[in-house]
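Data file: target06.cif. Format and content: mmCIF, C-alpha atoms.
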```cif
data_my_file
loop_
_atom_site.label_atom_id
_atom_site.label_comp_id
_atom_site.auth_asym_id
_atom_site.auth_seq_id
_atom_site.Cartn_x
_atom_site.Cartn_y
_atom_site.Cartn_z
CA MET A 1 -102.12 -34.86 57.75
CA GLU A 2 -101.09 -36.51 54.52
CA ALA A 3 -101.96 -40.03 53.37
CA TYR A 4 -99.45 -42.51 51.96
CA PRO A 5 -101.40 -45.61 50.87
CA MET A 6 -99.63 -48.73 49.70
CA ASN A 7 -100.11 -49.80 46.06
CA GLY A 8 -103.59 -51.26 45.77
CA GLY A 9 -105.06 -53.93 43.51
CA ASN A 10 -103.60 -57.34 42.77
CA GLY A 11 -101.10 -56.41 40.06
CA PRO A 12 -97.37 -57.18 39.97
CA THR A 13 -96.44 -53.97 41.84
CA SER A 14 -99.25 -54.19 44.41
CA TYR A 15 -98.61 -54.33 48.13
CA SER A 16 -100.66 -57.50 48.38
CA HIS A 17 -98.07 -59.24 46.16
CA ASN A 18 -95.01 -57.50 47.59
CA SER A 19 -95.24 -57.60 51.36
CA SER A 20 -93.86 -61.02 52.21
CA LEU A 21 -91.04 -59.53 54.28
CA GLN A 22 -93.62 -57.82 56.49
CA GLY A 23 -95.51 -61.10 56.59
CA LYS A 24 -92.41 -62.82 57.94
CA GLY A 25 -92.32 -60.23 60.68
CA ILE A 26 -95.92 -61.01 61.63
CA MET A 27 -95.02 -64.70 61.74
CA ALA A 28 -92.02 -63.87 63.93
CA ILE A 29 -94.19 -62.19 66.58
CA LYS A 30 -96.77 -64.99 66.79
CA ALA A 31 -95.16 -66.49 69.89
CA MET A 32 -95.05 -63.02 71.48
CA ILE A 33 -98.76 -62.50 70.77
CA ASP A 34 -99.49 -65.91 72.31
CA GLU A 35 -97.47 -64.99 75.39
CA ALA A 36 -99.06 -61.54 75.66
CA ILE A 37 -102.59 -62.90 75.65
CA ARG A 38 -101.73 -65.83 77.91
CA ASP A 39 -100.09 -63.64 80.54
CA HIS A 40 -101.97 -60.35 80.30
CA VAL A 41 -105.59 -61.05 79.38
CA ASP A 42 -107.79 -61.51 82.45
CA ILE A 43 -110.09 -64.43 81.75
CA LYS A 44 -112.83 -62.90 83.92
CA HIS A 45 -112.78 -59.78 81.78
CA LEU A 46 -112.51 -61.82 78.60
CA SER A 47 -115.69 -63.75 79.35
CA SER A 48 -117.57 -60.55 80.19
CA TRP A 49 -116.32 -58.54 77.21
CA ASN A 50 -118.77 -59.69 74.59
CA PRO A 51 -118.28 -58.99 71.79
CA TYR A 52 -114.50 -58.75 72.04
CA HIS A 53 -113.32 -55.85 69.85
CA ILE A 54 -110.02 -56.08 67.92
CA ALA A 55 -108.60 -53.44 65.59
CA ASP A 56 -105.75 -53.65 63.11
CA LEU A 57 -104.42 -50.16 62.38
CA GLY A 58 -102.81 -49.63 58.99
CA CYS A 59 -104.27 -52.82 57.52
CA SER A 60 -103.51 -51.93 53.88
CA VAL A 61 -104.89 -54.49 51.39
CA GLY A 62 -103.76 -57.82 52.84
CA PRO A 63 -102.85 -60.59 53.20
CA ASN A 64 -100.77 -59.76 56.29
CA THR A 65 -103.62 -58.13 58.18
CA PHE A 66 -105.66 -61.35 58.01
CA LEU A 67 -102.69 -63.35 59.28
CA ALA A 68 -102.26 -61.02 62.27
CA VAL A 69 -105.96 -61.21 63.15
CA LYS A 70 -105.90 -65.00 62.85
CA HIS A 71 -103.02 -65.23 65.34
CA ILE A 72 -104.74 -62.92 67.84
CA ILE A 73 -108.04 -64.80 67.77
CA GLN A 74 -106.36 -68.21 67.96
CA ALA A 75 -104.47 -67.04 71.05
CA LEU A 76 -107.68 -65.74 72.65
CA GLU A 77 -109.50 -69.00 71.93
CA LEU A 78 -106.59 -70.97 73.39
CA LYS A 79 -106.72 -68.77 76.49
CA CYS A 80 -110.43 -69.56 76.89
CA SER A 81 -110.05 -73.30 76.39
CA SER A 82 -107.08 -73.48 78.76
CA GLU A 83 -109.26 -71.89 81.45
CA GLY A 84 -112.06 -74.38 80.83
CA ILE A 85 -114.44 -72.01 79.05
CA ASP A 86 -116.63 -73.96 76.66
CA SER A 87 -116.61 -72.74 73.06
CA SER A 88 -120.33 -71.97 73.27
CA LYS A 89 -119.60 -69.51 76.11
CA GLN A 90 -116.62 -67.81 74.53
CA PRO A 91 -117.13 -64.23 73.34
CA GLU A 92 -117.80 -63.35 69.74
CA PHE A 93 -115.11 -61.32 67.98
CA GLN A 94 -115.56 -58.07 66.09
CA VAL A 95 -112.55 -57.04 63.99
CA PHE A 96 -112.05 -53.53 62.61
CA PHE A 97 -109.67 -53.07 59.66
CA ASN A 98 -108.36 -49.50 59.59
CA ASP A 99 -106.35 -47.46 57.12
CA HIS A 100 -106.43 -44.09 55.36
CA VAL A 101 -109.56 -43.24 53.36
CA SER A 102 -107.45 -43.53 50.18
CA ASN A 103 -106.53 -47.13 50.99
CA ASP A 104 -107.76 -49.73 48.50
CA PHE A 105 -110.51 -51.11 50.70
CA ASN A 106 -112.20 -52.69 47.67
CA THR A 107 -109.29 -55.09 47.22
CA LEU A 108 -109.24 -55.73 50.97
CA PHE A 109 -112.96 -56.52 51.11
CA ALA A 110 -112.80 -58.67 47.97
CA SER A 111 -110.06 -60.89 49.39
CA PRO A 112 -111.20 -64.47 49.97
CA ARG A 113 -109.62 -64.16 53.42
CA PHE A 114 -111.73 -61.15 54.44
CA GLY A 115 -114.11 -62.11 57.23
CA LYS A 116 -112.94 -65.71 57.27
CA GLY A 117 -112.68 -67.28 60.69
CA ARG A 118 -114.74 -66.83 63.79
CA TYR A 119 -115.18 -63.08 63.66
CA PHE A 120 -117.30 -60.29 62.23
CA ALA A 121 -115.44 -57.79 60.05
CA ALA A 122 -115.75 -54.09 59.32
CA GLY A 123 -113.63 -51.40 57.66
CA VAL A 124 -112.79 -48.14 59.43
CA PRO A 125 -111.29 -45.43 57.19
CA GLY A 126 -109.23 -42.68 58.77
CA SER A 127 -105.77 -41.77 60.06
CA PHE A 128 -104.68 -43.37 63.32
CA HIS A 129 -102.97 -40.10 64.21
CA GLY A 130 -106.43 -39.07 65.38
CA ARG A 131 -109.38 -40.71 67.12
CA LEU A 132 -111.09 -43.57 65.29
CA PHE A 133 -113.33 -45.33 67.83
CA PRO A 134 -115.61 -44.47 70.78
CA LYS A 135 -114.17 -44.29 74.27
CA ALA A 136 -113.30 -47.58 75.96
CA SER A 137 -114.66 -49.61 73.04
CA LEU A 138 -111.63 -51.71 72.08
CA HIS A 139 -109.96 -54.64 73.85
CA PHE A 140 -106.99 -55.41 71.61
CA LEU A 141 -105.15 -53.15 69.17
CA HIS A 142 -102.60 -54.37 66.67
CA SER A 143 -100.41 -52.48 64.21
CA SER A 144 -97.48 -53.76 62.17
CA TYR A 145 -95.08 -51.74 60.01
CA THR A 146 -97.10 -48.52 60.12
CA LEU A 147 -95.86 -46.30 62.96
CA HIS A 148 -92.65 -45.35 61.15
CA TRP A 149 -94.83 -43.47 58.63
CA LEU A 150 -95.14 -39.85 59.74
CA SER A 151 -98.28 -37.77 59.32
CA GLN A 152 -96.21 -35.40 57.17
CA VAL A 153 -92.64 -34.60 56.18
CA PRO A 154 -91.27 -32.27 58.90
CA ARG A 155 -91.80 -28.63 57.93
CA ALA A 156 -88.20 -27.68 58.68
CA VAL A 157 -86.97 -30.28 56.18
CA ARG A 158 -89.13 -28.70 53.46
CA ASP A 159 -87.94 -25.14 54.16
CA VAL A 160 -84.92 -24.20 52.01
CA LYS A 161 -84.03 -21.50 54.56
CA SER A 162 -83.95 -23.96 57.46
CA PRO A 163 -80.75 -25.63 58.73
CA ALA A 164 -82.70 -28.90 58.41
CA TRP A 165 -83.20 -28.51 54.67
CA LYS A 166 -81.09 -31.07 52.88
CA ARG A 167 -79.87 -31.86 49.40
CA GLY A 168 -79.73 -35.25 47.75
CA ARG A 169 -81.00 -37.37 50.66
CA ILE A 170 -84.53 -38.75 50.80
CA GLY A 171 -84.75 -39.52 54.51
CA GLY A 172 -83.55 -38.38 57.88
CA LEU A 173 -81.77 -41.45 59.22
CA TYR A 174 -78.23 -40.44 58.25
CA GLY A 175 -78.65 -36.72 57.68
CA ALA A 176 -77.17 -33.75 59.51
CA PRO A 177 -78.07 -33.39 63.21
CA GLU A 178 -80.69 -30.75 62.32
CA VAL A 179 -82.37 -33.17 59.89
CA VAL A 180 -82.38 -36.03 62.39
CA ALA A 181 -83.81 -33.72 65.05
CA ALA A 182 -86.59 -32.51 62.74
CA TYR A 183 -87.67 -36.07 61.95
CA ALA A 184 -87.48 -37.07 65.62
CA ALA A 185 -89.62 -34.08 66.62
CA GLN A 186 -92.27 -34.97 64.03
CA PHE A 187 -92.28 -38.57 65.23
CA GLU A 188 -92.67 -37.40 68.82
CA SER A 189 -95.65 -35.24 67.88
CA ASP A 190 -97.28 -38.04 65.87
CA MET A 191 -96.75 -40.61 68.60
CA ASP A 192 -98.27 -38.27 71.16
CA CYS A 193 -101.43 -38.05 69.02
CA PHE A 194 -101.41 -41.81 68.41
CA LEU A 195 -101.04 -42.76 72.07
CA ARG A 196 -103.59 -40.22 73.31
CA GLY A 197 -106.13 -41.54 70.82
CA ARG A 198 -105.53 -45.17 71.70
CA ALA A 199 -105.63 -44.41 75.44
CA GLN A 200 -109.18 -43.16 75.01
CA GLU A 201 -110.28 -46.05 72.80
CA LEU A 202 -108.90 -48.98 74.81
CA VAL A 203 -110.65 -50.35 77.88
CA PRO A 204 -108.60 -50.41 81.12
CA GLY A 205 -106.41 -53.51 80.90
CA GLY A 206 -106.70 -53.59 77.10
CA LEU A 207 -103.59 -54.53 75.10
CA MET A 208 -101.79 -52.92 72.19
CA ALA A 209 -99.27 -54.95 70.16
CA LEU A 210 -97.01 -52.95 67.86
CA THR A 211 -94.29 -53.96 65.42
CA LEU A 212 -92.23 -51.24 63.78
CA PRO A 213 -88.83 -50.76 62.16
CA PHE A 214 -86.35 -49.10 64.48
CA ASN A 215 -82.89 -47.58 64.38
CA GLY A 216 -80.50 -50.27 65.50
CA GLY A 217 -77.32 -48.23 65.01
CA TRP A 218 -75.99 -50.52 62.31
CA THR A 219 -72.63 -50.25 60.60
CA ASP A 220 -72.24 -50.19 56.82
CA VAL A 221 -71.51 -53.91 57.00
CA ASP A 222 -74.61 -55.13 58.85
CA GLN A 223 -77.28 -52.77 57.51
CA PRO A 224 -80.67 -54.48 57.00
CA VAL A 225 -82.14 -54.74 53.51
CA PHE A 226 -84.49 -51.75 53.63
CA ILE A 227 -81.79 -49.40 54.92
CA ARG A 228 -79.53 -50.40 52.03
CA LEU A 229 -82.40 -49.93 49.59
CA PHE A 230 -83.02 -46.36 50.74
CA GLY A 231 -79.34 -45.60 50.29
CA LEU A 232 -79.34 -47.00 46.76
CA LEU A 233 -82.54 -45.11 45.93
CA ASP A 234 -80.72 -41.93 47.02
CA ALA A 235 -77.87 -42.80 44.64
CA THR A 236 -80.28 -43.66 41.80
CA LEU A 237 -82.01 -40.29 41.97
CA LEU A 238 -78.68 -38.44 42.02
CA ASP A 239 -77.47 -40.42 39.01
CA MET A 240 -80.62 -39.38 37.14
CA VAL A 241 -79.87 -35.75 37.97
CA CYS A 242 -76.35 -36.16 36.53
CA THR A 243 -77.72 -37.65 33.30
CA GLY A 244 -80.41 -34.99 32.98
CA ARG A 245 -83.32 -37.37 33.53
CA LEU A 246 -84.42 -35.56 36.68
CA ASP A 247 -84.22 -31.95 37.77
CA GLU A 248 -81.87 -31.29 40.70
CA ASP A 249 -84.35 -29.11 42.58
CA THR A 250 -87.04 -31.76 42.20
CA VAL A 251 -84.77 -34.40 43.72
CA ASP A 252 -83.59 -32.05 46.49
CA SER A 253 -87.21 -31.37 47.48
CA PHE A 254 -88.14 -35.06 47.68
CA ASN A 255 -88.37 -36.33 51.24
CA LEU A 256 -89.78 -39.55 52.64
CA PRO A 257 -92.17 -39.18 55.61
CA ILE A 258 -90.43 -42.01 57.48
CA HIS A 259 -88.65 -42.08 60.82
CA LEU A 260 -87.00 -45.08 62.45
CA PRO A 261 -86.88 -44.42 66.21
CA LEU A 262 -84.38 -45.77 68.67
CA SER A 263 -85.82 -48.36 71.04
CA LYS A 264 -85.19 -46.10 74.05
CA GLU A 265 -86.75 -43.18 72.16
CA PHE A 266 -89.98 -45.10 71.63
CA GLU A 267 -90.08 -46.32 75.23
CA MET A 268 -89.54 -42.79 76.51
CA LEU A 269 -92.51 -41.49 74.50
CA VAL A 270 -94.77 -44.23 75.89
CA LYS A 271 -93.75 -43.48 79.46
CA ARG A 272 -94.23 -39.76 78.93
CA ASN A 273 -97.78 -40.42 77.72
CA GLY A 274 -98.56 -42.03 81.08
CA TYR A 275 -101.57 -44.14 80.06
CA PHE A 276 -99.76 -47.39 79.26
CA SER A 277 -97.39 -49.78 80.94
CA VAL A 278 -94.66 -51.32 78.78
CA GLU A 279 -95.12 -55.07 79.21
CA MET A 280 -92.64 -56.11 76.54
CA ILE A 281 -90.21 -54.34 74.22
CA GLN A 282 -87.64 -56.31 72.25
CA PRO A 283 -86.12 -56.61 68.78
CA LEU A 284 -87.37 -59.42 66.59
CA PRO A 285 -84.81 -62.18 66.08
CA SER A 286 -82.98 -62.30 62.78
CA SER A 287 -84.13 -64.93 60.35
CA PRO A 288 -81.90 -67.95 59.82
CA LYS A 289 -79.78 -67.87 56.69
CA THR A 290 -81.23 -69.76 53.76
CA SER A 291 -79.89 -71.00 50.45
CA ILE A 292 -82.52 -69.08 48.48
CA ALA A 293 -80.90 -67.00 45.73
CA PHE A 294 -81.09 -63.24 46.10
CA ASP A 295 -83.67 -61.69 43.75
CA ALA A 296 -82.95 -58.01 42.99
CA ARG A 297 -86.22 -57.53 41.11
CA LEU A 298 -88.30 -58.87 43.99
CA CYS A 299 -86.31 -56.77 46.45
CA CYS A 300 -87.09 -53.60 44.48
CA MET A 301 -90.77 -54.55 44.25
CA HIS A 302 -90.92 -54.63 48.05
CA ILE A 303 -89.82 -51.00 48.21
CA ARG A 304 -91.84 -49.93 45.17
CA ALA A 305 -95.16 -51.14 46.63
CA PRO A 306 -95.10 -48.66 49.54
CA LEU A 307 -93.26 -45.78 47.82
CA GLU A 308 -94.65 -45.64 44.30
CA GLY A 309 -97.65 -43.46 45.16
CA ILE A 310 -95.45 -40.79 46.77
CA MET A 311 -92.95 -40.88 43.92
CA ARG A 312 -95.62 -40.65 41.22
CA LYS A 313 -97.02 -37.57 42.90
CA HIS A 314 -93.61 -35.90 43.19
CA PHE A 315 -91.73 -36.96 40.05
CA GLY A 316 -94.58 -37.82 37.67
CA ALA A 317 -95.98 -41.19 36.65
CA GLU A 318 -94.00 -41.35 33.40
CA ILE A 319 -90.58 -41.58 35.11
CA VAL A 320 -91.36 -44.05 37.93
CA ASP A 321 -90.69 -47.21 35.91
CA GLU A 322 -87.26 -45.90 34.94
CA ILE A 323 -86.39 -44.99 38.53
CA PHE A 324 -87.09 -48.49 39.79
CA GLU A 325 -85.43 -50.14 36.80
CA ARG A 326 -82.25 -48.17 37.50
CA LEU A 327 -82.58 -49.06 41.18
CA ARG A 328 -82.74 -52.74 40.25
CA TYR A 329 -79.41 -52.47 38.43
CA LYS A 330 -77.82 -50.91 41.51
CA VAL A 331 -79.25 -53.64 43.74
CA GLU A 332 -77.88 -56.30 41.40
CA GLU A 333 -74.44 -54.67 41.60
CA SER A 334 -74.68 -54.89 45.41
CA SER A 335 -76.18 -58.38 45.45
CA TYR A 336 -73.38 -59.83 47.58
CA ALA A 337 -73.94 -57.34 50.41
CA PHE A 338 -77.71 -57.84 50.19
CA SER A 339 -77.67 -61.63 50.16
CA LYS A 340 -75.26 -61.69 53.10
CA ASN A 341 -77.70 -59.72 55.29
CA MET A 342 -81.09 -60.93 54.02
CA GLY A 343 -81.91 -62.35 57.46
CA ALA A 344 -81.01 -59.21 59.37
CA ARG A 345 -84.05 -57.57 60.94
CA GLN A 346 -84.65 -54.01 62.05
CA ASP A 347 -87.99 -54.59 63.76
CA LEU A 348 -89.12 -53.89 67.31
CA PHE A 349 -92.03 -55.61 69.06
CA VAL A 350 -93.78 -53.59 71.76
CA LEU A 351 -96.62 -54.74 74.01
CA LEU A 352 -98.47 -51.99 75.90
CA LYS A 353 -101.24 -52.36 78.47
CA ARG A 354 -103.82 -49.66 79.16
CA LEU A 355 -103.52 -48.59 82.78
CA PRO A 356 -106.69 -48.37 84.94
#
```

Would you write out, as structure tokens, the structure that this file holds?
Amino acid sequence: MEAYPMNGGNGPTSYSHNSSLQGKGIMAIKAMIDEAIRDHVDIKHLSSWNPYHIADLGCSVGPNTFLAVKHIIQALELKCSSEGIDSSKQPEFQVFFNDHVSNDFNTLFASPRFGKGRYFAAGVPGSFHGRLFPKASLHFLHSSYTLHWLSQVPRAVRDVKSPAWKRGRIGGLYGAPEVVAAYAAQFESDMDCFLRGRAQELVPGGLMALTLPFNGGWTDVDQPVFIRLFGLLDATLLDMVCTGRLDEDTVDSFNLPIHLPLSKEFEMLVKRNGYFSVEMIQPLPSSPKTSIAFDARLCCMHIRAPLEGIMRKHFGAEIVDEIFERLRYKVEESSYAFSKNMGARQDLFVLLKRLP
């Protein structure tokens, strides 16, 4: 398995300063988290599960992970108080923050929000494509904007002799059928590992709340922001080949380890696993249109924060600034299309319950 950490630290290109769009998604699911805990947490179990163990998988460096944990604990406390459980008798909360070993845990731990609130905090390094916790040790699992990251680029896509090998495209969303199939197969394999691991770690009746980008079958007119950005990044790299700034073979061999599943595809994989019931699966609502001016620089920063590490490794650190500066110009040229669809979302909320 390969690791793809977000940009660490607190600098201008860090994930902590360029993840507000993901933060809006976490805010958008707050009501769903409240409903999930209200309707699916058994108060008898809740009072006996002490401490109550929560894990956030793919926590990165914040601040979104702290916001998600805050919402979960507030909903649990509300559930207790609504059932007449005195605060002195409510369970204590243990929260585990998980990400790859190469994640910037130092920045995470140094955040003033780390450990704030009524919970004990700990970091758990490791890939969630494998086991992370002892059997039946967790009560609530959360993960936002992580499951679309594959454990590796599909092997067929990297093989120049394979029908799935492709030229000039960085992802598999709009590639040839062989490319799409290779990415889907890798996602299926990764999700099988993910679900089998979580099935062992969650107690019977435990909940798992997931938010992930999905393939909504958009037209060129209504594509969400990130889909447009990937398309323009494709075009930027090809332009740099034409001007001699990048080698054609180097661009052809660059592939993003990202797959956006169809909603029915994800649901099918969960049902095939057999250890979870699907309690809720629905797209997040689009954000209302605002009068805020479109900011091409900020938009590019939101894609640079998660992709820079991969691009530095593949293209070299000295060319990355130029790539994203050229991308910014392309985004500015397409500002009308971007600003018109800034509220469009491509996110799916899924609530799973561990079967007895």

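Take the candidates A:Ala110, A:Ala136, A:Leu262, A:Ile85 and check each one against Glu201 in chain A using only C-alpha atoms; the shortest distance goes to A:Ala136.
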
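Here the question is which of A:Thr243, A:Gln22, A:Val160, A:Ala296 gets nearest to Gln346 in chain A using only C-alpha atoms, and that residue is A:Gln22.
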
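Nearest residue to Val95 in chain A among A:Gly171, A:Pro163, A:Gly23, A:Gly123 is A:Gly123, counting all atoms listed in the file.
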
message: From the options A:Ala31, A:Ile54, A:Leu238, A:Leu348, which residue's atoms come nearest to Ile323 in chain A, counting all atoms listed in the file?
response: A:Leu238

task: Might you pull out every residue within 12 Å of range 63-66 of chain A, with all atoms listed in the file counted and same-chain residues fewer than 5 positions away left off, and present them as a PyMOL selection string?
output: chain A and resi 8-10+14-27+54-58+71-73+95-99+107-117+119+121+142-146

Expected file: the selected residues, C-alpha atoms, as a short mmCIF file (atom, residue, chain, number, x, y, z; two decimals), in the frame of the given file:
```cif
data_model
loop_
_atom_site.label_atom_id
_atom_site.label_comp_id
_atom_site.auth_asym_id
_atom_site.auth_seq_id
_atom_site.Cartn_x
_atom_site.Cartn_y
_atom_site.Cartn_z
CA GLY A 8 -103.59 -51.26 45.77
CA GLY A 9 -105.06 -53.93 43.51
CA ASN A 10 -103.60 -57.34 42.77
CA SER A 14 -99.25 -54.19 44.41
CA TYR A 15 -98.61 -54.33 48.13
CA SER A 16 -100.66 -57.50 48.38
CA HIS A 17 -98.07 -59.24 46.16
CA ASN A 18 -95.01 -57.50 47.59
CA SER A 19 -95.24 -57.60 51.36
CA SER A 20 -93.86 -61.02 52.21
CA LEU A 21 -91.04 -59.53 54.28
CA GLN A 22 -93.62 -57.82 56.49
CA GLY A 23 -95.51 -61.10 56.59
CA LYS A 24 -92.41 -62.82 57.94
CA GLY A 25 -92.32 -60.23 60.68
CA ILE A 26 -95.92 -61.01 61.63
CA MET A 27 -95.02 -64.70 61.74
CA ILE A 54 -110.02 -56.08 67.92
CA ALA A 55 -108.60 -53.44 65.59
CA ASP A 56 -105.75 -53.65 63.11
CA LEU A 57 -104.42 -50.16 62.38
CA GLY A 58 -102.81 -49.63 58.99
CA HIS A 71 -103.02 -65.23 65.34
CA ILE A 72 -104.74 -62.92 67.84
CA ILE A 73 -108.04 -64.80 67.77
CA VAL A 95 -112.55 -57.04 63.99
CA PHE A 96 -112.05 -53.53 62.61
CA PHE A 97 -109.67 -53.07 59.66
CA ASN A 98 -108.36 -49.50 59.59
CA ASP A 99 -106.35 -47.46 57.12
CA THR A 107 -109.29 -55.09 47.22
CA LEU A 108 -109.24 -55.73 50.97
CA PHE A 109 -112.96 -56.52 51.11
CA ALA A 110 -112.80 -58.67 47.97
CA SER A 111 -110.06 -60.89 49.39
CA PRO A 112 -111.20 -64.47 49.97
CA ARG A 113 -109.62 -64.16 53.42
CA PHE A 114 -111.73 -61.15 54.44
CA GLY A 115 -114.11 -62.11 57.23
CA LYS A 116 -112.94 -65.71 57.27
CA GLY A 117 -112.68 -67.28 60.69
CA TYR A 119 -115.18 -63.08 63.66
CA ALA A 121 -115.44 -57.79 60.05
CA HIS A 142 -102.60 -54.37 66.67
CA SER A 143 -100.41 -52.48 64.21
CA SER A 144 -97.48 -53.76 62.17
CA TYR A 145 -95.08 -51.74 60.01
CA THR A 146 -97.10 -48.52 60.12
#
```
